[in-house]
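J.: Sending over run28.txt (compact mmCIF, C-alpha atoms).
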```txt
# COMPACT_ATOMS: atom_id res chain seq x y z
CA MET A 1 -42.59 194.97 154.91
CA LYS A 2 -43.05 193.22 158.20
CA GLU A 3 -44.07 195.45 161.05
CA LEU A 4 -43.19 193.89 164.39
CA LYS A 5 -44.35 195.36 167.66
CA LEU A 6 -44.57 194.37 171.29
CA MET A 7 -48.19 194.83 172.19
CA LYS A 8 -50.78 193.99 174.77
CA GLY A 9 -53.50 191.63 173.51
CA ASN A 10 -56.32 194.15 173.82
CA GLU A 11 -54.31 196.94 172.22
CA ALA A 12 -53.20 194.65 169.38
CA LEU A 13 -56.84 193.79 168.77
CA ALA A 14 -57.80 197.46 168.68
CA GLU A 15 -54.89 198.27 166.35
CA ALA A 16 -55.97 195.41 164.08
CA ALA A 17 -59.50 196.81 163.99
CA ILE A 18 -58.19 200.19 162.81
CA ARG A 19 -56.02 198.50 160.21
CA ALA A 20 -58.80 196.23 158.98
CA GLY A 21 -60.72 199.36 157.99
CA CYS A 22 -63.33 199.11 160.71
CA ASP A 23 -65.94 201.89 160.44
CA GLY A 24 -67.33 201.95 163.92
CA TYR A 25 -66.77 200.74 167.43
CA PHE A 26 -69.41 200.99 170.13
CA GLY A 27 -68.44 199.76 173.54
CA TYR A 28 -68.58 200.09 177.25
CA PRO A 29 -65.53 199.64 179.50
CA ILE A 30 -65.15 196.52 181.60
CA THR A 31 -62.00 194.92 182.96
CA PRO A 32 -60.21 193.04 181.38
CA GLN A 33 -61.06 194.55 177.98
CA SER A 34 -61.07 198.30 178.72
CA GLU A 35 -57.84 198.76 176.78
CA VAL A 36 -59.68 198.16 173.49
CA LEU A 37 -61.87 201.22 174.06
CA GLU A 38 -58.97 203.22 175.51
CA TYR A 39 -56.70 202.48 172.55
CA LEU A 40 -59.37 203.19 169.95
CA THR A 41 -60.39 206.53 171.47
CA GLN A 42 -56.76 207.60 171.40
CA HIS A 43 -55.82 206.46 167.92
CA ALA A 44 -58.76 205.60 165.65
CA LYS A 45 -60.37 208.93 164.75
CA ALA A 46 -57.21 210.69 163.64
CA ARG A 47 -56.03 207.80 161.50
CA THR A 48 -59.07 206.53 159.61
CA GLY A 49 -61.94 208.68 160.77
CA MET A 50 -63.47 205.64 162.39
CA VAL A 51 -66.34 206.27 164.79
CA VAL A 52 -65.52 205.31 168.37
CA LEU A 53 -68.26 205.77 170.90
CA GLN A 54 -68.65 204.89 174.52
CA ALA A 55 -72.30 204.00 174.96
CA GLU A 56 -74.18 204.36 178.22
CA SER A 57 -74.38 200.59 178.64
CA GLU A 58 -73.62 197.31 176.95
CA ILE A 59 -77.24 197.06 175.82
CA ALA A 60 -76.99 200.44 174.12
CA SER A 61 -73.69 199.56 172.49
CA ILE A 62 -74.97 196.31 170.93
CA ASN A 63 -78.02 198.12 169.59
CA MET A 64 -75.76 200.79 168.13
CA VAL A 65 -73.87 197.96 166.44
CA TYR A 66 -77.20 196.59 165.17
CA GLY A 67 -78.09 199.92 163.63
CA ALA A 68 -74.67 200.61 162.17
CA ALA A 69 -74.32 197.08 160.77
CA GLY A 70 -77.62 197.64 158.98
CA THR A 71 -75.95 200.29 156.84
CA GLY A 72 -73.40 197.76 155.58
CA LYS A 73 -70.47 199.18 157.49
CA LYS A 74 -67.76 197.23 159.28
CA VAL A 75 -68.68 197.58 162.92
CA MET A 76 -67.61 195.91 166.09
CA THR A 77 -68.00 195.89 169.83
CA SER A 78 -66.13 194.24 172.64
CA SER A 79 -66.89 193.37 176.20
CA SER A 80 -66.19 190.85 178.90
CA SER A 81 -68.46 188.10 180.20
CA PRO A 82 -71.11 190.05 182.17
CA GLY A 83 -71.27 192.65 179.41
CA ILE A 84 -71.70 190.03 176.70
CA SER A 85 -74.55 188.52 178.73
CA LEU A 86 -76.30 191.88 178.62
CA MET A 87 -75.77 192.02 174.87
CA GLN A 88 -77.39 188.66 174.12
CA GLU A 89 -80.77 190.07 173.10
CA GLY A 90 -79.15 192.38 170.57
CA ILE A 91 -76.92 189.61 169.24
CA SER A 92 -79.97 187.43 168.63
CA TYR A 93 -81.62 190.31 166.72
CA ILE A 94 -78.49 190.84 164.61
CA ALA A 95 -78.24 187.13 163.82
CA CYS A 96 -81.90 187.03 162.76
CA ALA A 97 -81.59 190.16 160.64
CA GLU A 98 -78.48 188.60 159.07
CA LEU A 99 -76.10 191.49 159.61
CA PRO A 100 -72.32 191.25 159.67
CA CYS A 101 -70.52 192.47 162.77
CA LEU A 102 -67.62 191.54 164.99
CA LEU A 103 -68.04 190.85 168.69
CA VAL A 104 -65.13 190.35 171.03
CA ASN A 105 -65.54 188.55 174.33
CA VAL A 106 -62.54 188.83 176.63
CA VAL A 107 -63.78 186.18 179.04
CA ARG A 108 -63.37 186.56 182.78
CA GLY A 109 -64.21 184.21 185.62
CA GLY A 110 -67.87 183.62 186.28
CA PRO A 111 -70.71 183.03 186.93
CA GLY A 112 -72.22 186.30 188.03
CA LEU A 113 -70.01 189.33 188.33
CA GLY A 114 -67.25 186.81 189.02
CA THR A 115 -63.58 187.73 188.95
CA ILE A 116 -61.46 189.66 186.48
CA GLN A 117 -59.03 186.83 185.90
CA PRO A 118 -59.00 184.69 182.72
CA SER A 119 -61.56 181.95 182.17
CA GLN A 120 -63.24 180.06 179.34
CA GLY A 121 -66.61 179.76 181.01
CA ASP A 122 -68.45 181.46 178.15
CA TYR A 123 -67.93 178.59 175.71
CA PHE A 124 -71.56 177.48 175.79
CA GLN A 125 -72.86 181.02 175.58
CA ALA A 126 -70.74 181.77 172.52
CA VAL A 127 -70.99 178.48 170.68
CA LYS A 128 -74.52 177.27 171.40
CA GLY A 129 -76.25 180.55 170.72
CA GLY A 130 -76.49 182.35 174.03
CA GLY A 131 -79.51 184.47 173.26
CA HIS A 132 -83.00 183.35 172.37
CA GLY A 133 -83.95 181.46 169.24
CA ASP A 134 -82.12 179.16 166.88
CA TYR A 135 -79.08 181.10 165.87
CA LYS A 136 -75.35 180.56 165.80
CA LEU A 137 -72.34 182.83 165.79
CA ILE A 138 -69.14 182.03 163.98
CA VAL A 139 -66.75 181.71 166.92
CA LEU A 140 -63.00 182.17 166.62
CA ALA A 141 -60.66 181.27 169.47
CA PRO A 142 -57.22 182.89 169.28
CA SER A 143 -54.41 181.43 171.38
CA THR A 144 -51.74 184.07 170.83
CA VAL A 145 -51.69 187.85 170.61
CA GLN A 146 -50.72 187.38 166.96
CA GLU A 147 -53.96 185.51 166.38
CA MET A 148 -55.92 188.25 168.14
CA VAL A 149 -54.71 190.47 165.29
CA ASP A 150 -55.27 187.95 162.51
CA HIS A 151 -58.71 186.96 163.71
CA VAL A 152 -59.97 190.55 163.56
CA LYS A 153 -59.23 190.61 159.85
CA LEU A 154 -60.54 187.09 159.35
CA GLY A 155 -63.57 187.84 161.49
CA PHE A 156 -64.65 190.77 159.33
CA GLU A 157 -64.11 188.69 156.19
CA LEU A 158 -66.24 185.85 157.52
CA ALA A 159 -68.90 188.21 158.83
CA PHE A 160 -69.37 189.80 155.42
CA LYS A 161 -69.05 186.53 153.53
CA TRP A 162 -71.85 184.88 155.51
CA ARG A 163 -73.71 187.96 156.75
CA ASN A 164 -73.51 186.61 160.24
CA PRO A 165 -72.10 188.02 163.49
CA VAL A 166 -68.65 186.69 164.31
CA MET A 167 -67.39 186.38 167.87
CA ILE A 168 -63.77 186.32 168.95
CA LEU A 169 -63.70 184.30 172.16
CA THR A 170 -60.52 185.19 173.98
CA ASP A 171 -59.73 185.50 177.68
CA GLY A 172 -58.45 187.94 180.24
CA ALA A 173 -54.90 186.60 180.15
CA LEU A 174 -54.59 186.95 176.37
CA GLY A 175 -56.08 190.42 176.57
CA GLN A 176 -53.54 191.55 179.17
CA MET A 177 -50.57 189.57 177.85
CA MET A 178 -47.77 191.35 176.00
CA GLU A 179 -46.33 189.57 173.00
CA LYS A 180 -44.60 190.18 169.73
CA VAL A 181 -47.07 190.76 166.90
CA GLU A 182 -46.71 191.18 163.18
CA LEU A 183 -49.22 193.75 161.99
CA PHE A 184 -50.81 193.73 158.56
CA PRO A 185 -50.76 196.93 156.50
CA GLN A 186 -53.54 199.52 156.80
CA MET A 187 -56.56 198.62 154.70
CA PRO A 188 -58.86 201.36 153.35
CA ARG A 189 -62.36 201.71 154.78
CA THR A 190 -64.88 200.18 152.43
CA GLU A 191 -66.99 202.39 150.18
CA GLU A 192 -69.06 199.47 148.94
CA ILE A 193 -72.85 199.76 149.13
CA TYR A 194 -74.41 196.38 149.71
CA PRO A 195 -77.81 195.59 148.18
CA TRP A 196 -79.19 194.56 151.57
CA ALA A 197 -77.94 197.64 153.40
CA THR A 198 -80.27 200.45 154.46
CA THR A 199 -78.50 203.38 152.90
CA GLY A 200 -81.52 205.26 151.62
CA LYS A 201 -83.89 204.31 148.81
CA THR A 202 -83.02 205.80 145.45
CA LYS A 203 -85.05 205.38 142.25
CA ASP A 204 -82.82 202.63 140.90
CA ARG A 205 -82.96 200.33 143.90
CA GLU A 206 -85.42 198.27 145.86
CA ARG A 207 -86.28 199.15 149.42
CA SER A 208 -84.16 197.14 151.89
CA ILE A 209 -85.78 196.30 155.17
CA ILE A 210 -83.89 195.13 158.22
CA THR A 211 -86.05 193.51 160.82
CA SER A 212 -86.16 190.50 163.06
CA LEU A 213 -89.90 190.72 163.63
CA HIS A 214 -92.04 188.48 161.43
CA ILE A 215 -95.53 188.07 162.82
CA GLN A 216 -96.65 185.13 160.67
CA PRO A 217 -95.28 181.78 161.89
CA ASP A 218 -94.84 180.41 158.37
CA LYS A 219 -92.70 183.41 157.39
CA MET A 220 -90.64 182.97 160.55
CA GLN A 221 -90.16 179.29 159.81
CA GLU A 222 -88.95 180.16 156.34
CA ILE A 223 -86.35 182.49 157.81
CA ASN A 224 -85.33 179.82 160.31
CA LEU A 225 -84.90 177.28 157.52
CA HIS A 226 -82.81 179.77 155.58
CA LEU A 227 -80.62 180.42 158.64
CA GLN A 228 -80.17 176.70 159.29
CA LYS A 229 -79.16 176.19 155.66
CA LYS A 230 -76.57 178.93 156.08
CA TYR A 231 -75.18 177.37 159.28
CA LYS A 232 -74.92 174.01 157.47
CA ALA A 233 -72.91 175.64 154.70
CA ILE A 234 -70.66 177.34 157.28
CA GLU A 235 -70.12 173.97 158.96
CA GLU A 236 -68.95 172.56 155.67
CA GLU A 237 -66.66 175.37 154.60
CA GLU A 238 -65.24 177.25 157.53
CA ILE A 239 -63.79 174.65 159.87
CA ARG A 240 -60.34 175.57 161.12
CA TYR A 241 -58.18 173.65 163.55
CA GLU A 242 -54.55 172.99 164.41
CA MET A 243 -52.91 169.65 165.13
CA ILE A 244 -49.55 169.48 166.87
CA ASP A 245 -47.63 166.17 167.00
CA CYS A 246 -50.77 164.20 166.24
CA GLU A 247 -49.10 161.58 164.01
CA GLU A 248 -48.62 158.70 166.44
CA PRO A 249 -49.46 159.88 169.93
CA ASP A 250 -50.38 157.86 173.00
CA LEU A 251 -52.81 160.53 174.10
CA ILE A 252 -54.30 163.67 172.64
CA LEU A 253 -54.96 166.86 174.54
CA VAL A 254 -57.91 168.87 173.21
CA ALA A 255 -57.92 172.52 174.20
CA PHE A 256 -58.73 175.90 172.71
CA GLY A 257 -57.36 179.39 173.18
CA LEU A 258 -54.70 180.06 175.77
CA VAL A 259 -54.98 176.60 177.32
CA ALA A 260 -53.81 175.02 174.06
CA ARG A 261 -50.45 176.70 174.62
CA ILE A 262 -50.23 175.45 178.19
CA CYS A 263 -51.05 172.00 176.79
CA GLN A 264 -48.15 172.26 174.34
CA LYS A 265 -45.80 172.83 177.27
CA ALA A 266 -47.37 169.89 179.11
CA ALA A 267 -46.91 167.74 175.99
CA GLN A 268 -43.25 168.74 175.95
CA LEU A 269 -42.84 167.74 179.60
CA ALA A 270 -44.60 164.43 178.89
CA LYS A 271 -42.29 163.76 175.96
CA GLU A 272 -39.32 164.01 178.32
CA LYS A 273 -40.95 161.30 180.42
CA GLY A 274 -41.47 159.10 177.35
CA ILE A 275 -45.18 159.72 176.76
CA LYS A 276 -46.08 160.85 173.27
CA VAL A 277 -48.76 163.51 173.57
CA GLY A 278 -50.39 165.41 170.74
CA VAL A 279 -52.35 168.64 170.99
CA PHE A 280 -55.53 169.31 169.04
CA ARG A 281 -56.69 172.91 168.97
CA PRO A 282 -59.97 173.94 167.37
CA ILE A 283 -59.59 177.48 166.00
CA THR A 284 -63.24 177.83 165.01
CA LEU A 285 -65.46 176.71 167.89
CA PHE A 286 -68.50 177.07 165.70
CA PRO A 287 -68.21 175.29 163.28
CA PHE A 288 -66.60 172.70 165.55
CA PRO A 289 -64.20 170.22 163.91
CA TYR A 290 -66.29 167.11 164.73
CA LYS A 291 -65.06 165.11 161.75
CA ALA A 292 -61.35 165.68 162.35
CA LEU A 293 -61.70 164.65 166.00
CA ASN A 294 -63.70 161.57 165.05
CA GLU A 295 -60.95 160.48 162.67
CA LEU A 296 -58.29 161.13 165.31
CA ALA A 297 -60.18 158.95 167.77
CA ASP A 298 -59.27 155.90 165.68
CA LYS A 299 -55.57 156.53 166.28
CA VAL A 300 -55.41 156.96 170.06
CA LYS A 301 -56.64 155.31 173.22
CA SER A 302 -58.02 158.39 174.92
CA PHE A 303 -58.50 162.13 174.77
CA LEU A 304 -57.92 164.61 177.55
CA THR A 305 -59.79 167.89 177.30
CA VAL A 306 -58.30 170.78 179.25
CA GLU A 307 -60.29 173.95 179.79
CA MET A 308 -60.55 176.91 182.15
CA ASN A 309 -64.12 175.96 183.08
CA ALA A 310 -66.10 173.09 184.57
CA GLY A 311 -66.17 171.16 181.30
CA GLN A 312 -67.99 172.75 178.39
CA MET A 313 -66.08 171.94 175.20
CA VAL A 314 -65.62 168.40 176.51
CA GLU A 315 -69.28 167.78 175.64
CA ASP A 316 -68.62 168.62 172.00
CA VAL A 317 -65.51 166.46 172.03
CA ARG A 318 -67.56 163.55 173.38
CA LEU A 319 -70.15 164.14 170.65
CA ALA A 320 -67.40 164.07 168.04
CA VAL A 321 -65.79 160.90 169.42
CA ASN A 322 -69.22 159.25 169.72
CA GLY A 323 -68.17 156.76 172.38
CA LYS A 324 -65.21 155.33 170.47
CA ILE A 325 -62.71 156.13 173.22
CA PRO A 326 -62.93 157.65 176.71
CA VAL A 327 -62.69 161.45 176.91
CA GLU A 328 -61.24 162.69 180.18
CA PHE A 329 -61.49 166.22 181.49
CA THR A 330 -59.42 168.48 183.69
CA GLY A 331 -59.91 172.16 184.29
CA ARG A 332 -59.68 175.08 186.67
CA MET A 333 -62.44 177.57 187.28
CA GLY A 334 -63.09 181.06 188.51
CA GLY A 335 -60.02 182.68 186.99
CA ILE A 336 -57.26 180.23 187.82
CA VAL A 337 -55.04 179.15 184.94
CA PRO A 338 -53.95 175.49 184.96
CA THR A 339 -50.19 174.89 185.09
CA PRO A 340 -48.36 172.50 182.74
CA GLU A 341 -47.39 170.39 185.78
CA GLU A 342 -51.04 169.89 186.71
CA ILE A 343 -51.86 168.73 183.21
CA LEU A 344 -48.78 166.48 183.17
CA GLN A 345 -49.97 164.83 186.37
CA LYS A 346 -53.33 164.11 184.78
CA ILE A 347 -51.61 162.78 181.64
CA GLU A 348 -49.55 160.40 183.74
CA GLU A 349 -52.65 159.17 185.60
CA ILE A 350 -54.40 158.38 182.32
CA TYR A 351 -51.28 156.89 180.77
CA VAL A 352 -50.74 154.51 183.70
CA GLY A 353 -54.41 153.50 183.44
CA GLU A 354 -53.95 152.79 179.75
CA THR A 355 -50.84 150.66 180.04
CA VAL A 356 -51.91 148.54 183.02
CA MET B 1 -33.51 198.69 210.53
CA ALA B 2 -31.72 197.62 207.39
CA LYS B 3 -29.87 200.29 205.52
CA VAL B 4 -32.05 201.48 202.65
CA LYS B 5 -30.20 201.20 199.34
CA GLY B 6 -32.98 201.43 196.81
CA ASP B 7 -36.66 201.99 196.36
CA ILE B 8 -39.30 201.54 193.68
CA ILE B 9 -42.36 203.51 192.67
CA VAL B 10 -45.13 201.62 190.89
CA ASP B 11 -47.82 203.26 188.80
CA ILE B 12 -50.52 201.25 190.55
CA GLU B 13 -53.32 202.26 188.18
CA LYS B 14 -51.55 200.57 185.30
CA CYS B 15 -50.46 197.47 187.24
CA LYS B 16 -52.32 194.28 186.26
CA GLY B 17 -50.86 192.09 188.99
CA CYS B 18 -48.98 189.67 186.74
CA GLU B 19 -46.34 189.21 189.48
CA LEU B 20 -43.45 188.90 187.03
CA CYS B 21 -41.54 191.46 189.07
CA ALA B 22 -42.16 189.52 192.27
CA ALA B 23 -40.64 186.44 190.64
CA ALA B 24 -37.70 188.44 189.32
CA CYS B 25 -36.85 190.18 192.60
CA PRO B 26 -33.75 188.54 194.11
CA GLN B 27 -34.60 190.03 197.51
CA GLY B 28 -38.18 188.76 197.53
CA SER B 29 -39.40 192.14 198.59
CA LEU B 30 -42.41 192.46 196.28
CA GLU B 31 -45.89 191.15 196.84
CA LEU B 32 -49.44 191.77 195.63
CA SER B 33 -51.40 194.23 197.71
CA ARG B 34 -54.67 193.38 199.37
CA LYS B 35 -56.21 196.51 197.91
CA LEU B 36 -57.42 196.86 194.34
CA ASN B 37 -56.76 199.57 191.80
CA SER B 38 -59.57 201.22 189.86
CA LYS B 39 -59.61 198.44 187.26
CA GLY B 40 -59.95 195.82 189.96
CA TYR B 41 -56.47 194.34 189.92
CA HIS B 42 -54.32 193.64 192.96
CA TYR B 43 -51.24 195.78 192.38
CA ILE B 44 -47.66 195.16 193.38
CA VAL B 45 -46.19 196.69 196.54
CA ARG B 46 -42.81 196.54 198.23
CA ILE B 47 -43.21 194.77 201.56
CA GLU B 48 -39.58 194.60 202.69
CA ASP B 49 -37.10 197.43 203.00
CA ASN B 50 -34.24 195.41 201.51
CA CYS B 51 -34.44 196.78 197.96
CA THR B 52 -30.99 197.05 196.40
CA GLY B 53 -32.12 198.99 193.35
CA CYS B 54 -31.01 196.19 191.01
CA THR B 55 -33.72 197.20 188.43
CA ASN B 56 -34.72 193.57 187.71
CA CYS B 57 -38.38 194.36 188.41
CA ALA B 58 -38.39 197.35 186.08
CA LEU B 59 -36.76 195.32 183.31
CA VAL B 60 -39.28 192.47 183.41
CA CYS B 61 -42.37 194.64 183.88
CA PRO B 62 -44.39 194.20 180.66
CA GLU B 63 -46.23 197.47 181.27
CA GLY B 64 -43.07 199.45 182.02
CA ILE B 65 -44.53 201.11 185.09
CA ILE B 66 -41.85 200.55 187.74
CA LYS B 67 -39.43 203.33 188.52
CA VAL B 68 -36.33 202.35 190.45
CA TYR B 69 -34.46 204.72 192.73
CA ARG B 70 -31.02 203.91 194.06
CA LYS B 71 -29.46 205.73 196.96
CA THR B 72 -26.34 207.60 195.95
CA ASP B 73 -24.39 210.32 197.60
CA LYS B 74 -25.94 212.75 195.18
CA LYS B 75 -29.56 213.76 195.05
CA LYS B 76 -32.33 211.18 194.51
CA GLU B 77 -32.87 210.48 190.82
CA PRO B 78 -34.26 207.51 188.88
CA VAL B 79 -31.68 204.99 187.71
CA ALA B 80 -33.99 203.20 185.27
CA THR B 81 -36.98 204.34 183.29
CA ILE B 82 -38.74 202.24 180.70
CA SER B 83 -41.21 203.98 178.46
CA ASN B 84 -44.58 202.54 177.54
CA VAL B 85 -44.36 199.49 175.35
CA THR B 86 -46.67 200.53 172.56
CA GLY B 87 -43.80 202.72 171.43
CA ASP B 88 -40.11 201.95 171.48
CA ILE B 89 -38.45 200.62 174.57
CA THR B 90 -35.70 202.80 175.84
CA ILE B 91 -33.71 201.76 178.82
CA THR B 92 -31.36 204.11 180.50
CA VAL B 93 -29.45 202.87 183.48
CA GLN B 94 -27.11 205.11 185.37
CA SER B 95 -24.70 203.42 187.71
```
Any chance you could give the structure as structure tokens?

T.:
Amino acid sequence: MKELKLMKGNEALAEAAIRAGCDGYFGYPITPQSEVLEYLTQHAKARTGMVVLQAESEIASINMVYGAAGTGKKVMTSSSSPGISLMQEGISYIACAELPCLLVNVVRGGPGLGTIQPSQGDYFQAVKGGGHGDYKLIVLAPSTVQEMVDHVKLGFELAFKWRNPVMILTDGALGQMMEKVELFPQMPRTEEIYPWATTGKTKDRERSIITSLHIQPDKMQEINLHLQKKYKAIEEEEIRYEMIDCEEPDLILVAFGLVARICQKAAQLAKEKGIKVGVFRPITLFPFPYKALNELADKVKSFLTVEMNAGQMVEDVRLAVNGKIPVEFTGRMGGIVPTPEEILQKIEEIYVGETV
Amino acid sequence: MAKVKGDIIVDIEKCKGCELCAAACPQGSLELSRKLNSKGYHYIVRIEDNCTGCTNCALVCPEGIIKVYRKTDKKKEPVATISNVTGDITITVQS
């Protein structure tokens, strides 16, 4: 049976975590994601017995996640931009030790302490690694509150499939926005004991060791090669994206997350003016849909990337297009959300340039 | 001074400054405050005393945190209350 509810993005995400059978949440409050911790402390323990703990800092919470993930449990944490920056060391450790966990970044305007309004300025940090060393996170970018719910479930699945941390890269507006969501039924908490998990050595099993410290360089290189092989396989299998009206457009808007929805409205406005505009929305930011964008570049004269930052994903789009067509960029920074009219204006500028 | 017909009370700690109520107010009497609440959001305040108690702001508020009072001959009592949205929405409007 469908269960429809009107929920705030952050609360929907927390509810989804309970329903996905999450075993532990370790977090530290920061606007605009405090509702995740608030909701979980109120509801989680009574319903599934899930552990919800407010750590003394973001650094403590990510290391609690590191420890708990080592036991093969479904664990997660969430924070906003400055908090995620603090967590980077721990995330790098988790990625090296190949542990599954879910990280949620409700991005706010930066750099620095910044603002508490929505932004997408953490694209590079999330997609290109962020911490030290050669590692990647699987990055999911929801654009609706419904997807905030779905991506929690998907995120845990991917994390355990690849034994890699998964990050949900959302923003302050999605976290605070209230929308209709369809919730999935309650899933039981897993009892499974994974062979790699540190659950205590019994006579019938080998000792599992979780570490990210390997003193010998050749051993470390081996681990790096193994990680790179895994990332290659993820790039082949896990690409997800959405194309809207991309059959015969004059121009394609490339945007992720919330901005993709603003772009859809802009495309609608452009259609009324006789300009056919398609919207391309990557759902997984790592792995990025390079191939799909490259193929699309044969069909149109130019791309327009819209983001709530100074131009971060546009670099990946340019890599994908590989100089075939020009890739324009427009964006707002520091917590300001672009309006459909602004984007329409930019579309018209490009369109006039194309037709002259 | 204009004759006061209605008034609102906002739970400022829960306000996230989305300004939907300001857009919905036919009198244009709502605006974001310069001050911040404990989460860091600018909250909504009534800046004019021309509130008619039409309840538009309370109806559009996604957080359900605006209480509307309308001046009647009887004692002061709320004319609209909207409970928190994680549960059911119940709207009771007394004329």

J.: Can you work out which residues from chain A touch chain B at a cut-off of 7 Å (counting all atoms listed in the file) and hand them back as a ChimeraX atom specification?

T.: /A:6-7,31,178

J.: Would you write out, as JSON lines, a table of all residues in segment 124-199 of chain A that have an atom no more than 10 Å from an atom of segment 90-98 of chain A, listing for each the closest atom pair and the distance in Å to one decimal, considering only C-alpha atoms and ordering rows by chain and rising residue number?

T.:
```
{"residue": "A:Gly129", "atom": "CA", "partner": "A:Ser92", "partner_atom": "CA", "distance": 8.1}
{"residue": "A:Gly130", "atom": "CA", "partner": "A:Ser92", "partner_atom": "CA", "distance": 8.2}
{"residue": "A:Gly131", "atom": "CA", "partner": "A:Ser92", "partner_atom": "CA", "distance": 5.5}
{"residue": "A:His132", "atom": "CA", "partner": "A:Ser92", "partner_atom": "CA", "distance": 6.3}
{"residue": "A:Gly133", "atom": "CA", "partner": "A:Ser92", "partner_atom": "CA", "distance": 7.2}
{"residue": "A:Asp134", "atom": "CA", "partner": "A:Ser92", "partner_atom": "CA", "distance": 8.7}
{"residue": "A:Tyr135", "atom": "CA", "partner": "A:Ala95", "partner_atom": "CA", "distance": 6.4}
{"residue": "A:Lys136", "atom": "CA", "partner": "A:Ala95", "partner_atom": "CA", "distance": 7.4}
{"residue": "A:Leu137", "atom": "CA", "partner": "A:Ala95", "partner_atom": "CA", "distance": 7.6}
{"residue": "A:Ala159", "atom": "CA", "partner": "A:Glu98", "partner_atom": "CA", "distance": 9.6}
{"residue": "A:Phe160", "atom": "CA", "partner": "A:Glu98", "partner_atom": "CA", "distance": 9.9}
{"residue": "A:Trp162", "atom": "CA", "partner": "A:Glu98", "partner_atom": "CA", "distance": 8.4}
{"residue": "A:Arg163", "atom": "CA", "partner": "A:Glu98", "partner_atom": "CA", "distance": 5.3}
{"residue": "A:Asn164", "atom": "CA", "partner": "A:Glu98", "partner_atom": "CA", "distance": 5.5}
{"residue": "A:Pro165", "atom": "CA", "partner": "A:Ala95", "partner_atom": "CA", "distance": 6.2}
{"residue": "A:Val166", "atom": "CA", "partner": "A:Ala95", "partner_atom": "CA", "distance": 9.6}
{"residue": "A:Trp196", "atom": "CA", "partner": "A:Glu98", "partner_atom": "CA", "distance": 9.6}
```

J.: Fewer than 5 positions away in the same chain doesn't count, so skip those; otherwise give me all residues within 8 Å of Tyr290 of chain A, counting only C-alpha atoms, as an NGL selection string.

T.: :A and (316-317 or 319-321)

J.: One number please: atom CA of Arg34 of chain B to atom CA of Asp11 of chain B, in Å, one decimal.

T.: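 One can read the atom CA of Arg34 of chain B to atom CA of Asp11 of chain B distance as 16.0 Å.
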
J.: Place a sphere of radius 7 Å on (-45.5, 199.8, 186.8) in the file coordinates and name every protein, DNA or RNA residue with an atom inside or on its surface, counting all atoms listed in the file; give the answer as a PyMOL selection string.

T.: chain B and resi 10-12+14-15+61+63-66

J.: So which one's closest to Cys51 of chain B, B:Ala24, B:Leu36, B:Val68, B:Asp7? Using all atoms listed in the file, please.

T.: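 Counting all atoms listed in the file, the residue closest to Cys51 of chain B is B:Asp7.
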
J.: When distances are computed from only C-alpha atoms, which of A:Val279, A:Leu285, A:Ala266, A:Ile30 shows the smallest separation from Pro338 of chain A?

T.: A:Ala266

J.: What is the distance, in Å and to one decimal place, between atom CA of Ala255 of chain A and atom CA of Val145 of chain A?

T.: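 The value is 16.9 Å.
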
J.: My list of candidates is B:Asn56, B:Gly28, B:Ile9, B:Tyr69. Which is closest to Tyr43 of chain B when distances are computed with all atoms listed in the file?

T.: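 Using all atoms listed in the file, the shortest distance to Tyr43 of chain B belongs to B:Ile9.
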
J.: Report as a ChimeraX atom specification all protein, DNA and RNA residues lying within 12 Å of Lys273 of chain A, evaluated on all atoms listed in the file, omitting residues in the same chain fewer than 6 positions from it.

T.: /A:266-267,344-345,347-348,351

J.: Suppose we keep C-alpha atoms; can you now write the selection as a JSON list (two decimals), keeping the file's coordinate frame?

T.:
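The resulting file, result.json, is shown below:
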```json
[["chain", "number", "residue", "atom", "x", "y", "z"],
["A", 266, "ALA", "CA", -47.37, 169.89, 179.11],
["A", 267, "ALA", "CA", -46.91, 167.74, 175.99],
["A", 344, "LEU", "CA", -48.78, 166.48, 183.17],
["A", 345, "GLN", "CA", -49.97, 164.83, 186.37],
["A", 347, "ILE", "CA", -51.61, 162.78, 181.64],
["A", 348, "GLU", "CA", -49.55, 160.40, 183.74],
["A", 351, "TYR", "CA", -51.28, 156.89, 180.77]]
```

J.: In Å, rounded to a single decimal, give me how far atom CA of Leu37 of chain A is from atom CA of His42 of chain B.

T.: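 Taking atom CA of His42 of chain B and atom CA of Leu37 of chain A, their separation equals 21.7 Å.
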